[in-house]
>>> print(open('model_33.txt').read())   # compact mmCIF, C-alpha atoms
# COMPACT_ATOMS: atom_id res chain seq x y z
CA MET C 248 196.28 -29.59 114.46
CA VAL C 249 194.59 -28.00 111.46
CA PHE C 250 191.92 -26.17 113.38
CA LYS C 251 192.37 -25.00 116.90
CA ARG C 252 189.17 -23.11 117.60
CA TYR C 253 185.87 -24.91 117.12
CA VAL C 254 182.30 -23.77 117.01
CA GLU C 255 180.84 -25.11 120.24
CA ILE C 256 178.28 -24.05 122.76
CA GLY C 257 179.80 -21.30 124.80
CA ARG C 258 182.44 -20.31 122.27
CA VAL C 259 183.00 -16.57 122.39
CA ALA C 260 183.08 -14.99 118.94
CA TYR C 261 183.99 -11.58 117.65
CA ILE C 262 181.54 -10.03 115.19
CA SER C 263 183.45 -8.63 112.26
CA PHE C 264 180.77 -6.97 110.15
CA GLY C 265 177.11 -6.14 110.26
CA PRO C 266 175.16 -3.97 112.64
CA HIS C 267 176.90 -5.35 115.72
CA ALA C 268 180.37 -5.18 114.27
CA GLY C 269 183.13 -5.02 116.85
CA SER C 270 181.40 -6.71 119.78
CA LEU C 271 181.86 -10.08 121.45
CA VAL C 272 179.17 -12.68 121.61
CA ALA C 273 178.71 -16.23 122.92
CA ILE C 274 177.37 -19.05 120.77
CA VAL C 275 174.45 -20.49 122.65
CA ASP C 276 173.03 -22.91 120.10
CA VAL C 277 173.45 -23.95 116.51
CA ILE C 278 170.43 -23.47 114.29
CA ASP C 279 171.62 -24.98 111.07
CA GLN C 280 174.59 -25.12 108.72
CA ASN C 281 174.94 -21.37 108.52
CA ARG C 282 173.38 -19.88 111.60
CA ALA C 283 173.82 -19.89 115.32
CA LEU C 284 171.79 -18.62 118.20
CA VAL C 285 173.96 -16.02 119.76
CA ASP C 286 173.84 -13.85 122.88
CA GLY C 287 175.99 -11.08 124.25
CA PRO C 288 174.49 -9.91 127.53
CA CYS C 289 177.61 -8.09 128.70
CA THR C 290 178.35 -6.53 125.33
CA GLY C 291 174.93 -5.21 124.41
CA VAL C 292 174.00 -7.72 121.73
CA LYS C 293 170.49 -9.02 122.04
CA ARG C 294 169.88 -12.71 121.79
CA GLN C 295 169.42 -13.47 118.12
CA SER C 296 170.39 -15.74 115.27
CA MET C 297 173.54 -14.80 113.47
CA PRO C 298 175.28 -16.28 110.45
CA PHE C 299 178.66 -17.87 111.07
CA LYS C 300 180.13 -15.82 108.28
CA CYS C 301 180.20 -12.65 110.30
CA MET C 302 181.64 -14.33 113.38
CA GLN C 303 185.30 -14.87 114.09
CA LEU C 304 186.05 -17.37 116.80
CA THR C 305 188.16 -16.33 119.75
CA ASP C 306 190.08 -18.43 122.23
CA TYR C 307 187.55 -18.09 125.00
CA VAL C 308 184.83 -20.58 125.86
CA ILE C 309 182.33 -20.14 128.63
CA LYS C 310 180.68 -23.00 130.39
CA VAL C 311 177.04 -22.84 129.47
CA PRO C 312 174.47 -25.52 128.58
CA HIS C 313 172.90 -25.23 125.14
CA SER C 314 169.92 -22.85 124.81
CA ALA C 315 170.65 -21.45 128.24
CA ARG C 316 168.79 -18.32 129.02
CA GLN C 317 170.44 -14.95 129.05
CA LYS C 318 170.76 -14.77 132.81
CA PHE C 319 172.99 -17.84 132.88
CA VAL C 320 175.00 -16.77 129.90
CA ARG C 321 175.69 -13.53 131.70
CA ARG C 322 176.66 -15.36 134.83
CA ALA C 323 179.06 -17.64 133.01
CA TRP C 324 180.51 -14.72 131.08
CA GLU C 325 181.25 -12.75 134.18
CA LYS C 326 182.65 -15.78 135.95
CA ALA C 327 185.10 -16.42 133.14
CA GLN C 328 185.92 -12.68 133.00
CA VAL C 329 185.77 -12.72 129.27
CA THR C 330 185.62 -8.95 128.75
CA GLU C 331 188.72 -8.35 130.88
CA LYS C 332 190.69 -11.12 129.21
CA TRP C 333 189.66 -9.84 125.81
CA ALA C 334 190.79 -6.31 126.56
CA GLU C 335 194.23 -7.63 127.49
CA SER C 336 194.57 -9.77 124.40
CA ASN C 337 196.75 -8.71 121.50
CA TRP C 338 193.85 -9.01 119.09
CA ALA C 339 191.82 -6.40 120.93
CA LYS C 340 194.83 -4.14 121.28
CA LYS C 341 195.49 -4.28 117.57
CA ILE C 342 191.90 -3.39 116.84
CA GLU C 343 192.09 -0.45 119.18
CA ALA C 344 195.34 0.76 117.66
CA ARG C 345 193.82 0.58 114.21
CA GLN C 346 190.85 2.65 115.31
CA LYS C 347 193.06 5.25 116.96
CA ARG C 348 195.18 5.54 113.86
CA ALA C 349 192.10 6.15 111.74
CA GLN C 350 190.97 8.93 114.03
CA MET C 351 194.26 10.78 114.08
CA SER C 352 194.11 14.41 113.08
CA ASP C 353 196.69 16.05 110.88
CA PHE C 354 198.50 17.45 113.92
CA ASP C 355 198.54 14.02 115.55
CA ARG C 356 200.08 12.53 112.46
CA PHE C 357 202.79 15.14 112.58
CA LYS C 358 203.50 14.35 116.21
CA VAL C 359 203.66 10.62 115.46
CA MET C 360 206.06 11.25 112.61
CA LYS C 361 208.32 13.26 114.88
CA ALA C 362 208.19 10.61 117.59
CA LYS C 363 208.99 7.81 115.17
CA LYS C 364 211.86 9.78 113.73
CA MET C 365 213.33 10.37 117.14
CA ARG C 366 212.94 6.73 118.13
CA ASN C 367 214.50 5.43 114.93
CA LYS C 368 217.41 7.78 115.32
CA VAL C 369 218.19 6.40 118.74
CA ILE C 370 217.88 2.82 117.51
CA LYS C 371 220.03 3.38 114.45
CA HIS C 372 222.64 5.10 116.52
CA GLU C 373 222.84 2.17 118.88
CA VAL C 374 222.91 -0.39 116.07
CA LYS C 375 225.71 1.46 114.33
CA ARG C 376 227.66 1.58 117.51
CA LEU C 377 227.33 -2.12 118.11
CA GLN C 378 228.28 -2.90 114.52
CA LYS C 379 231.35 -0.78 114.83
CA GLU C 380 232.39 -2.58 117.97
CA ALA C 381 231.83 -5.97 116.40
CA ALA C 382 233.83 -4.94 113.34
CA LYS C 383 236.62 -3.72 115.56
CA LYS C 384 236.82 -7.02 117.42
CA ALA C 385 236.98 -9.05 114.27
CA MET G 45 139.66 51.40 121.35
CA LYS G 46 137.16 49.80 123.68
CA PHE G 47 134.83 52.73 124.01
CA LEU G 48 133.92 52.41 120.38
CA LYS G 49 132.13 49.14 120.89
CA GLY G 50 128.94 50.54 122.32
CA LEU G 51 128.47 53.11 119.62
CA GLN G 52 126.18 52.56 116.73
CA GLY G 53 126.24 54.01 113.27
CA PRO G 54 129.27 55.19 111.39
CA ARG G 55 132.06 56.10 113.73
CA PHE G 56 134.86 58.35 112.78
CA VAL G 57 137.98 58.64 114.84
CA CYS G 58 140.11 61.65 114.13
CA VAL G 59 143.41 62.32 115.73
CA TYR G 60 144.14 66.01 115.56
CA VAL G 61 147.41 67.47 116.55
CA ASN G 62 146.73 71.05 117.52
CA VAL G 63 149.19 73.90 117.60
CA LYS G 64 150.28 73.31 121.14
CA CYS G 65 151.10 69.73 120.27
CA ASN G 66 148.42 68.18 122.32
CA VAL G 67 146.82 65.27 120.63
CA VAL G 68 143.08 65.63 120.55
CA ILE G 69 141.03 62.62 119.60
CA TYR G 70 137.50 63.21 118.42
CA VAL G 71 135.10 60.37 118.19
CA THR G 72 131.76 61.19 116.61
CA SER G 73 128.64 59.24 115.85
CA PRO G 74 125.33 60.59 114.52
CA ASP G 75 123.07 59.96 117.54
CA VAL G 76 125.38 60.21 120.42
CA GLY G 77 127.67 63.20 119.62
CA LEU G 78 130.29 61.75 121.91
CA PHE G 79 133.74 63.03 121.90
CA PHE G 80 136.72 61.93 123.79
CA ILE G 81 139.73 64.06 124.27
CA ALA G 82 143.17 62.79 125.08
CA LYS G 83 146.23 64.88 125.54
CA MET G 84 149.77 63.86 124.83
CA ALA G 85 152.35 64.42 127.44
CA GLU G 86 153.44 68.02 127.67
CA GLY G 87 157.02 67.02 127.28
CA ASP G 88 156.65 66.50 123.51
CA LYS G 89 158.11 69.35 121.58
CA LYS G 90 157.57 69.96 117.92
CA VAL G 91 157.40 66.45 116.66
CA ALA G 92 157.66 66.07 112.93
CA LYS G 93 154.06 65.93 111.75
CA LYS G 94 153.03 62.38 111.20
CA ALA G 95 151.22 61.71 107.98
CA HIS G 96 147.49 61.61 108.64
CA CYS G 97 145.14 59.04 107.22
CA SER G 98 142.66 60.25 104.64
CA ARG G 99 140.18 62.74 106.08
CA ASN G 100 137.75 61.93 103.33
CA PRO G 101 136.06 58.66 104.11
CA VAL G 102 135.16 56.53 101.17
CA LEU G 103 131.49 56.01 100.46
CA ALA G 104 132.02 53.90 97.39
CA ARG G 105 135.04 53.38 95.29
CA GLY G 106 136.05 56.67 93.77
CA ILE G 107 133.48 58.65 95.73
CA GLY G 108 134.43 60.52 98.87
CA ARG G 109 132.17 61.83 101.56
CA TYR G 110 133.25 65.46 101.21
CA SER G 111 133.49 67.82 98.32
CA ARG G 112 136.60 69.63 97.22
CA SER G 113 135.78 72.75 99.13
CA ALA G 114 134.85 70.82 102.24
CA MET G 115 138.13 68.95 102.03
CA TYR G 116 139.98 72.23 101.66
CA ALA G 117 138.58 73.28 104.97
CA ARG G 118 139.07 69.91 106.66
CA ARG G 119 142.70 69.72 105.68
CA ALA G 120 143.18 73.33 106.76
CA MET G 121 144.80 74.20 103.48
CA TYR G 122 144.01 77.84 104.28
CA LYS G 123 146.73 77.60 106.89
CA ARG G 124 149.32 76.01 104.71
CA LYS G 125 151.64 77.92 102.52
CA THR G 126 152.21 76.31 99.18
CA LYS G 127 155.23 77.03 97.15
CA THR G 128 154.64 79.90 94.84
CA THR G 129 156.86 80.47 91.89
CA GLU G 130 159.93 81.54 93.74
CA THR G 131 162.17 82.12 90.85
CA LYS G 132 160.41 85.38 90.13
CA ILE G 133 162.06 86.80 93.22
CA GLU G 134 165.26 88.19 91.92
CA LYS G 135 167.11 87.67 95.18
CA LYS G 136 166.71 83.95 95.07
CA LEU G 137 168.12 83.36 91.67
CA LYS G 138 168.88 79.67 91.83
CA VAL G 139 172.39 78.88 90.87
CA LYS G 140 171.94 76.95 87.69
CA THR G 141 174.68 74.45 87.01
CA PRO G 142 176.66 75.83 84.11
CA SER G 143 176.09 74.29 80.75
CA THR G 144 179.75 74.48 79.77
CA ILE G 145 183.00 74.39 81.70
CA THR G 146 186.43 75.48 80.58
CA LYS G 147 189.15 73.00 81.38
CA THR G 148 192.88 73.48 81.06
CA VAL G 149 194.76 71.35 78.62
CA GLY G 150 198.43 70.50 78.70
CA GLY G 151 201.01 70.85 75.98
CA ASP G 152 202.07 74.05 74.31
CA LYS G 153 200.71 75.58 71.18
CA ASN G 154 197.42 74.07 72.17
CA GLY G 155 195.65 77.17 73.32
CA GLY G 156 195.66 76.44 77.06
CA THR G 157 191.92 75.74 77.56
CA ARG G 158 189.03 73.91 76.09
CA VAL G 159 185.33 74.55 76.52
CA VAL G 160 183.61 71.31 77.52
CA LYS G 161 179.87 70.76 77.57
CA MET G 162 178.43 69.46 80.82
CA ARG G 163 175.33 67.99 79.23
CA LYS G 164 176.11 66.29 75.97
CA MET G 165 173.84 65.03 73.24
CA PRO G 166 173.36 61.27 73.19
CA ARG G 167 175.97 59.53 71.08
CA TYR G 168 173.61 56.80 69.95
CA TYR G 169 170.00 56.76 68.89
CA PRO G 170 168.64 53.23 68.61
CA THR G 171 166.77 52.52 65.38
CA GLU G 172 163.96 50.83 67.27
CA ASP G 173 162.30 51.66 70.52
CA VAL G 174 163.19 48.75 72.67
CA ALA G 175 160.69 48.03 75.42
CA ARG G 176 162.07 48.54 78.89
CA LYS G 177 162.80 45.34 80.70
CA LEU G 178 160.94 44.55 83.85
CA LYS G 179 162.86 44.95 87.06
CA ASN G 180 164.95 42.09 88.35
CA HIS G 181 163.93 40.25 91.44
CA GLY G 182 166.45 39.44 94.10
CA LYS G 183 169.58 39.70 91.93
CA LYS G 184 172.04 41.37 94.21
CA PRO G 185 175.48 42.65 93.31
CA PHE G 186 178.48 40.83 94.69
CA SER G 187 179.00 43.33 97.48
CA GLN G 188 175.62 42.45 98.94
CA HIS G 189 175.87 38.70 98.65
CA LYS G 190 175.49 36.50 101.71
CA ARG G 191 178.85 35.15 102.85
CA ASN G 192 179.01 31.61 104.12
CA LEU G 193 181.75 30.11 106.22
CA ARG G 194 182.20 26.44 106.83
CA ALA G 195 181.45 25.44 110.39
CA THR G 196 184.85 23.82 110.71
CA ILE G 197 186.63 27.13 110.04
CA THR G 198 186.71 29.31 113.16
CA PRO G 199 189.20 32.02 114.14
CA GLY G 200 192.43 30.33 115.14
CA THR G 201 191.99 27.22 113.04
CA VAL G 202 195.05 25.83 111.30
CA LEU G 203 194.33 25.59 107.59
CA VAL G 204 196.20 23.81 104.83
CA LEU G 205 196.50 25.94 101.70
CA LEU G 206 195.96 23.92 98.56
CA THR G 207 196.61 26.38 95.76
CA GLY G 208 198.84 29.29 95.06
CA ARG G 209 202.50 29.73 95.70
CA HIS G 210 202.05 28.65 99.28
CA ARG G 211 200.41 25.34 98.53
CA GLY G 212 200.82 22.68 101.14
CA LYS G 213 201.64 25.16 103.86
CA ARG G 214 199.89 25.13 107.18
CA VAL G 215 198.61 28.51 108.16
CA VAL G 216 196.55 30.18 110.90
CA PHE G 217 193.13 31.58 110.07
CA LEU G 218 192.34 35.01 111.51
CA LYS G 219 189.02 36.18 110.21
CA GLN G 220 186.72 36.28 107.23
CA LEU G 221 186.77 39.53 105.25
CA SER G 222 183.72 41.25 103.82
CA SER G 223 184.29 39.75 100.39
CA GLY G 224 184.14 36.25 101.84
CA LEU G 225 187.84 35.56 101.53
CA LEU G 226 189.74 34.34 104.56
CA LEU G 227 192.43 36.47 106.18
CA VAL G 228 195.31 34.20 106.98
CA THR G 229 198.84 34.50 108.32
CA GLY G 230 201.80 32.06 108.42
CA PRO G 231 203.02 33.49 110.82
CA LEU G 232 205.69 34.92 108.56
CA ALA G 233 208.55 33.84 110.82
CA LEU G 234 207.50 30.21 110.68
CA ASN G 235 206.61 29.51 107.09
CA ARG G 236 207.06 32.72 105.11
CA VAL G 237 203.36 33.16 104.55
CA PRO G 238 202.48 36.82 105.16
CA LEU G 239 199.13 38.33 106.00
CA ARG G 240 197.24 37.16 103.01
CA ARG G 241 193.83 36.29 101.69
CA ALA G 242 192.84 32.73 100.96
CA HIS G 243 189.77 31.28 99.35
CA GLN G 244 187.61 29.08 101.50
CA LYS G 245 187.13 26.49 98.78
CA PHE G 246 190.86 25.96 98.26
CA VAL G 247 191.70 25.26 101.82
CA ILE G 248 191.51 22.24 104.13
CA ALA G 249 190.39 23.03 107.65
CA THR G 250 192.17 20.90 110.22
CA ALA G 251 190.88 20.14 113.66
CA THR G 252 193.78 21.99 115.29
CA LYS G 253 192.85 25.37 116.76
CA VAL G 254 194.80 28.14 118.43
CA ASP G 255 192.97 30.29 120.96
CA ILE G 256 192.93 33.65 119.23
CA SER G 257 190.25 35.32 121.29
CA GLY G 258 192.65 37.74 122.96
CA MET G 259 194.15 38.91 119.71
CA LYS G 260 193.50 42.31 118.20
CA ILE G 261 193.55 42.41 114.44
CA PRO G 262 194.05 45.91 113.00
CA LYS G 263 190.90 47.27 111.42
CA THR G 264 192.83 48.47 108.38
CA LEU G 265 193.14 44.92 107.09
CA SER G 266 190.28 44.77 104.65
CA ASP G 267 189.70 43.75 101.07
CA ALA G 268 190.76 47.15 99.75
CA TYR G 269 194.06 46.80 101.61
CA PHE G 270 194.83 43.50 99.94
CA LYS G 271 193.47 44.21 96.52
CA LYS G 272 196.03 44.00 93.72
CA LYS G 273 196.94 47.38 92.29
CA ARG G 274 196.85 47.72 88.53
CA LEU G 275 198.88 50.48 86.95
CA ARG G 276 197.73 50.76 83.38
CA ARG G 277 199.23 53.58 81.42
CA PRO G 278 199.91 52.04 78.03
CA ARG G 279 202.20 54.27 76.11
CA HIS G 280 201.01 52.94 72.78
CA GLN G 281 204.51 52.53 71.54
CA GLU G 282 205.06 49.60 69.27
CA GLY G 283 208.21 48.15 70.71
CA GLU G 284 207.73 48.53 74.40
CA ILE G 285 204.20 47.50 75.21
CA PHE G 286 205.06 44.41 77.21
CA ASP G 287 208.05 45.89 78.89
CA THR G 288 207.83 47.99 82.00
CA GLU G 289 204.52 47.22 83.61
CA LYS G 290 204.23 46.82 87.32
CA GLU G 291 204.76 43.08 87.45
CA LYS G 292 206.83 42.89 90.60
CA TYR G 293 205.05 43.19 93.89
CA GLN G 294 206.46 46.01 95.98
CA LEU G 295 206.57 45.39 99.71
CA THR G 296 205.42 48.45 101.64
CA GLU G 297 206.36 49.53 105.12
CA GLN G 298 202.77 49.38 106.24
CA ARG G 299 202.55 45.73 105.35
CA LYS G 300 205.65 45.00 107.38
CA GLU G 301 204.27 46.83 110.37
CA ASP G 302 200.90 45.14 110.22
CA GLN G 303 202.62 41.79 109.90
CA LYS G 304 204.67 42.57 112.98
CA THR G 305 201.71 43.59 115.09
CA VAL G 306 199.74 40.50 114.20
CA ASP G 307 202.60 38.04 114.48
CA SER G 308 203.87 39.43 117.76
CA GLN G 309 200.51 38.58 119.28
CA LEU G 310 200.21 35.24 117.54
CA LEU G 311 203.65 33.71 118.12
CA PRO G 312 203.44 33.50 121.93
CA LEU G 313 200.08 31.75 121.60
CA ILE G 314 201.60 29.25 119.20
CA LYS G 315 204.59 28.63 121.44
CA LYS G 316 202.28 27.63 124.24
CA VAL G 317 201.09 24.54 122.39
CA PRO G 318 203.84 21.92 122.25
CA GLN G 319 205.09 21.05 118.77
CA LEU G 320 202.69 23.44 117.09
CA LYS G 321 205.53 25.61 115.90
CA GLY G 322 207.17 22.69 114.08
CA TYR G 323 203.77 21.70 112.72
CA LEU G 324 203.25 25.10 111.14
CA ARG G 325 206.75 25.04 109.72
CA SER G 326 206.16 21.72 107.98
CA SER G 327 204.08 21.31 104.86
CA PHE G 328 201.35 18.86 104.04
CA CYS G 329 201.94 16.06 101.57
CA LEU G 330 200.39 12.78 100.51
CA SER G 331 202.38 9.59 100.23
CA ASN G 332 201.77 5.96 99.41
CA GLY G 333 198.80 4.47 101.16
CA VAL G 334 197.47 7.85 102.28
CA TYR G 335 194.05 8.57 100.85
CA PRO G 336 192.44 11.97 101.45
CA HIS G 337 188.94 10.55 101.70
CA LYS G 338 190.05 8.35 104.56
CA LEU G 339 192.01 10.99 106.41
CA VAL G 340 190.60 12.78 109.39
CA PHE G 341 191.93 16.31 109.29
>>> encode(input="model_33.txt", output="structure tokens")
Amino acid sequence: MVFKRYVEIGRVAYISFGPHAGSLVAIVDVIDQNRALVDGPCTGVKRQSMPFKCMQLTDYVIKVPHSARQKFVRRAWEKAQVTEKWAESNWAKKIEARQKRAQMSDFDRFKVMKAKKMRNKVIKHEVKRLQKEAAKKA
Amino acid sequence: MKFLKGLQGPRFVCVYVNVKCNVVIYVTSPDVGLFFIAKMAEGDKKVAKKAHCSRNPVLARGIGRYSRSAMYARRAMYKRKTKTTETKIEKKLKVKTPSTITKTVGGDKNGGTRVVKMRKMPRYYPTEDVARKLKNHGKKPFSQHKRNLRATITPGTVLVLLTGRHRGKRVVFLKQLSSGLLLVTGPLALNRVPLRRAHQKFVIATATKVDISGMKIPKTLSDAYFKKKRLRRPRHQEGEIFDTEKEKYQLTEQRKEDQKTVDSQLLPLIKKVPQLKGYLRSSFCLSNGVYPHKLVF
């Protein structure tokens, strides 16, 4: 298929820029070509209209009728355990890793460099060993 | 002075310190002739006489209440000894500073001494009388300037030196000296940076800190200790002017000792933090994709 994730009622979206950047939100209704009515009761986003441009669709959909009120959106969200599933997803982990990397201090960067060096040494050593064995057999 | 409130007419309060050092306060007013006496505690010995306010109340500007002779009596000038011309007393001939001094001069066939005047005539008379400039306001010399220190730099912070022969090296900050420069040490054993001064502006303060609170930094480490010594005795010989001047820095024993005392306290503290020793040994560098404005130090 060309598109796998569709804008639909209940689609959970990730807000990429703007004042609520970084939080998840559920699409509750579509206003027009460019905007949706959006609500994020469990993520601290008030019910509001939001342009599609700043939303990135995720894999999660919650079962909610259109224009449902916040109480029911919250209920459906918690039932589907969206926040837990999101935290386990690779997408969220990558975002977190990126943030951690940006906050590293100079000393942390040094420690990371040392750790990477040590890890690569072990890997290279093992690879060399296996190559040698393979060459020997042939 | 609450008791003054009820009085009418001009009221004069005089505080008189009598010979026995009791303070006597007289309050007078024309109709009531009241006076109130207070005594200071007997324990006061000869206190230095505090300057009294004017005993001659002002009637109008430039006009006092009492005449010269009345003031003489009020101020008890008859009791005070003024300085009479003392120099007439032959005993107390003041030692006048000599007008000339004889100094010895080196070299032979020079006549060994010269007579030097202590107070010389001015060597320059300006052709015009230049008006004296008004005094400056608030322009202080460097020694009295206010020293600032960035909030991120506290004792024990690891700094990255940016200029000088030790550029790129990571170094421990000890304290700020009175000139505003930062006293810094490698430690020497880790990165060959001795006890040295660094300028605040040419340094990056990292977030890494060593707990230095228990350390004792010798008091002798000051700006004068670190100041560069200039030996200028130009011999005025044509060929050898640029030759033997003190270019090389000579390491003194005192510096070595001070370095030892400071580093011996600092190294154990550094060893406590894992990997800090290797961190101080390494130097800071930028590489592809690393932008200083995006880095968190």
>>> residues_around(input="model_33.txt", residues="His313 of chain C", least_positions_apart="4", cutoff="8 Å", atoms="only C-alpha atoms", output="ChimeraX atom specification")
/C:256-257,275-276
>>> atom_distance(input="model_33.txt", atom1="atom CA of Thr196 of chain G", atom2="atom CA of Lys245 of chain G")
12.4 Å
>>> atom_distance(input="model_33.txt", atom1="atom CA of Lys310 of chain C", atom2="atom CA of Ala323 of chain C")
6.2 Å
>>> closest_residue(input="model_33.txt", among="C:Lys384, C:Lys358, C:Arg376, C:Lys368", to="chain G", atoms="only C-alpha atoms")
C:Lys358
>>> interface_residues(input="model_33.txt", of="chain G", to="chain C", cutoff="8 Å", atoms="all atoms listed in the file", output="MDAnalysis selection string")
chainID G and resid 250:252 319:320 323 338:341
>>> closest_residue(input="model_33.txt", among="G:Arg163, G:Lys153, G:Lys94, G:Arg299", to="Phe270 of chain G", atoms="only C-alpha atoms")
G:Arg299
>>> atom_distance(input="model_33.txt", atom1="atom CA of Val139 of chain G", atom2="atom CA of Thr157 of chain G")
23.8 Å
